[in-house]
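Taking it in order: structure first as structure tokens, then the write-up.
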Amino acid sequence: MERTMSTHNTRRRVVNAFMTALTAACAISVTLILLIILAYIAYQGVTSISIEFLIDTPKPVGEGGGIGNAIVGSAMMTLLAALIGLPIGIAAGVYLAEFGKNWYGNIVRFVADTLIGVPSIIIGIFIYTLIVIPMGRQSGLAGGIALAIIMIPIVARTTEEMILLVPNSMREGALALGAPQWRVSWNIVLPAAASGIATGAMLAIARITGETAPLLFTALNSRFYNFFYDQPMSSLTVQIYNYATGPFAVEHAMAWAATLLLVGLILVINIIVRFLTRKKH
């Protein structure tokens with residue numbers, strides 16, 4: 001009997017050690033792949049980064065040029081998308097978590113999950129039909145709205161999951177003290193889930209920052225600085241696409257540099273959010 005238990009315990013320890021090593025190896029592999037990608041992008045693009053590249057507009061091959069207008073355009077459209085998408089997405093997520101345990105909430109979840117899986121080019125075509133055709137031209141407004149539609153379901157579902165992680169005892173304590181439901185959600189639940197909601201918001205922003213297809217239909221492109229939402233607007237992703245598909249090596253080098261800048265911006269934003277939403281002990 002003792003020998004059987006000893007054999008069983010030994011087998012359990014071996015299996016546990018093997019699975020622990022396997023999961024650790026998988027985690028290291030994922031991290032290593034990311035580091036390799038980042039290192040390769042940096043290697044290819046760092047030599048083309050300069051002040052002129054960051055502030056100039058595209059020029060004919062051999063005359064320099066840069067992505068200043070694309071940086072401004074991406075920032076403006078991402079800002080517009082965030083101003084539209086974050087409030088709607090967070091409010092929808094709060095509703096689904098706090099009041100959505102009914103048929104209507106199930107429909108909203110189904111629609112949100114479907115939108116998350118819809119190819120972004122479909123959303124671009126939809127906004128092209130809804131906004132671009134009536135306006136008679138592509139615009140930053142259409143691009144920002146397309147990006148907002150991509151963002152909303154991601155933020156909504158992430159917010160719902162983060163709020164569901166808040167212990168019910170916190171809600172019950174506030175309700176027992178006579179607080180109305182809306183105040184419990186606003187003053188208790190949302191602050192408790194703020195870190196997770198912010199992380200979900202950054203994931204959504206990172207997603208839309210890398211979108212190209214919907215912007216080709218909605219914002220198109222511009223070789224100049226444009227600060228008006230009713231005009232065609234350049235973006236980093238479209239500019240990267242234009243440079244990468246060009247026939248000249250100098251354009252490919254600028255595409256790598258723009259890619260490095262885009263990845264770096266996303267990385268910095270995530271680090272800042274992690275710092276601001278860290279748990280203070």
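Chains: A, B, ... in order of the structure tokens. Residues: from 1 per chain. Ligands: from 1, in order shown.
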**Prompt:** Taking the backbone alone, and naming residues the way the document does, which bits of region 26-135 of chain A are alpha helix (DSSP H) by DSSP, as an MDAnalysis selection string?
**Reply:** chainID A and resid 26:45 51:55 68:98 103:117 120:127 133:135
**Request:** Could you give me, as a PyMOL selection string, the residues within 7 Å of region 70-84 of chain A, counting only C-alpha atoms and dropping anything in the same chain fewer than 4 positions from it?
**Result:** chain A and resi 88+140+143-145+147-148+209+233-236+239
**Message:** If we count only C-alpha atoms and set the cut-off at 12 Å, which residues sit around Val111 (chain A), ignoring sequence neighbours fewer than 5 positions away in its own chain? Please answer as a ChimeraX atom specification.
**Reply:** /A:92,104-106,116-118,152-154,156-157
Expected file contents, prior selection, N, CA and C atoms, as a compact mmCIF listing (two decimals), in the first residue's frame:
```txt
# COMPACT_ATOMS: atom_id res chain seq x y z
N ALA A 92 -22.03 50.68 -22.10
CA ALA A 92 -22.64 49.40 -22.50
C ALA A 92 -22.13 48.26 -21.63
N TYR A 104 -32.57 41.11 -23.44
CA TYR A 104 -31.98 42.26 -24.13
C TYR A 104 -30.46 42.27 -23.98
N GLY A 105 -29.99 41.98 -22.76
CA GLY A 105 -28.54 41.90 -22.55
C GLY A 105 -27.90 40.81 -23.38
N ASN A 106 -28.57 39.67 -23.52
CA ASN A 106 -28.04 38.59 -24.35
C ASN A 106 -27.93 39.00 -25.81
N ILE A 116 -17.05 42.18 -33.02
CA ILE A 116 -15.62 41.96 -32.77
C ILE A 116 -15.02 41.06 -33.85
N GLY A 117 -15.80 40.09 -34.31
CA GLY A 117 -15.31 39.16 -35.31
C GLY A 117 -15.48 39.62 -36.75
N VAL A 118 -16.21 40.70 -36.97
CA VAL A 118 -16.42 41.18 -38.34
C VAL A 118 -15.13 41.79 -38.89
N ILE A 152 -15.95 50.07 -29.98
CA ILE A 152 -17.07 49.96 -29.03
C ILE A 152 -17.27 48.54 -28.51
N PRO A 153 -17.42 47.52 -29.36
CA PRO A 153 -17.67 46.18 -28.81
C PRO A 153 -16.52 45.63 -27.97
N ILE A 154 -15.29 45.98 -28.34
CA ILE A 154 -14.14 45.51 -27.56
C ILE A 154 -14.18 46.10 -26.16
N ALA A 156 -16.80 47.36 -24.62
CA ALA A 156 -18.00 46.91 -23.91
C ALA A 156 -17.79 45.54 -23.27
N ARG A 157 -17.27 44.59 -24.02
CA ARG A 157 -17.10 43.24 -23.49
C ARG A 157 -16.00 43.19 -22.44
```
Leaving out His252 (chain A) and any residue of its chain fewer than 3 positions from it, which residues lie within 10 Å of it when counting only C-alpha atoms, given as a short mmCIF file (atom, residue, chain, number, x, y, z; two decimals) with C-alpha atoms, in the first residue's frame?
```cif
data_model
loop_
_atom_site.label_atom_id
_atom_site.label_comp_id
_atom_site.auth_asym_id
_atom_site.auth_seq_id
_atom_site.Cartn_x
_atom_site.Cartn_y
_atom_site.Cartn_z
CA GLN A 44 15.22 47.79 -40.00
CA GLY A 45 13.76 51.17 -39.08
CA ILE A 240 3.15 52.53 -44.10
CA TYR A 241 1.12 50.65 -46.70
CA ASN A 242 1.98 53.20 -49.40
CA TYR A 243 5.69 53.13 -48.55
CA ALA A 244 5.82 49.33 -48.23
CA THR A 245 4.20 48.77 -51.62
CA GLY A 246 6.46 51.28 -53.35
CA PRO A 247 9.15 50.06 -55.78
CA PHE A 248 12.12 51.83 -54.16
CA ALA A 249 14.32 50.72 -51.28
CA ALA A 255 7.95 52.03 -44.03
CA TRP A 256 10.07 50.22 -41.43
CA ALA A 257 10.77 53.50 -39.63
CA ALA A 258 7.07 54.36 -39.51
#
```
**Message:** As an exercise, work out the distance from CA of Ala39 (chain A) to CA of Ala206 (chain A) in Å and give it to one decimal place.
**Reply:**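 Going from CA of Ala39 (chain A) over to CA of Ala206 (chain A), I get 19.3 Å.
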**Given only C-alpha atoms as the counted atoms, nearest of A:Asn270, A:Thr218, A:Asn168, A:Thr212 to Thr199 (chain A)** = A:Asn270
**Request:** For Val184 (chain A), please output as a list in words all residues within 12 Å (counting only C-alpha atoms; exclusion window: fewer than 2 positions along the same chain).
**Result:**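 These residues fall inside the cut-off: Val94, Glu98, Val166, Asn168, Ser169, Met170, Arg171, Glu172, Gly173, Ala174, Leu175, Ala176, Leu177, Gly178, Ala179, Pro180, Gln181, Trp182, Trp186, Asn187, Ile188, Val189, Leu190, Pro191 and Ala192 of chain A.
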**Request:** Fewer than 3 positions away in the same chain doesn't count, so skip those; otherwise give me all residues within 10 Å of Pro119 (chain A), counting only C-alpha atoms, as a PyMOL selection string.
**Result:** chain A and resi 115-116+122-124+150+213-214
For the residues selected in the previous step, produce a file with C-alpha atoms as a PDB file, in the first residue's frame.
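Final output, part-v1.pdb:
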```
ATOM      1  CA  LEU A 115     -18.931  42.957 -34.339  1.00  0.00           C
ATOM      2  CA  ILE A 116     -15.615  41.956 -32.770  1.00  0.00           C
ATOM      3  CA  ILE A 122     -16.720  45.551 -43.802  1.00  0.00           C
ATOM      4  CA  ILE A 123     -17.040  48.411 -41.333  1.00  0.00           C
ATOM      5  CA  GLY A 124     -15.063  50.598 -43.718  1.00  0.00           C
ATOM      6  CA  ILE A 150     -14.427  48.843 -34.160  1.00  0.00           C
ATOM      7  CA  ALA A 213      -8.460  48.690 -44.483  1.00  0.00           C
ATOM      8  CA  PRO A 214     -11.308  50.844 -43.094  1.00  0.00           C
TER       9      PRO A 214
END
```
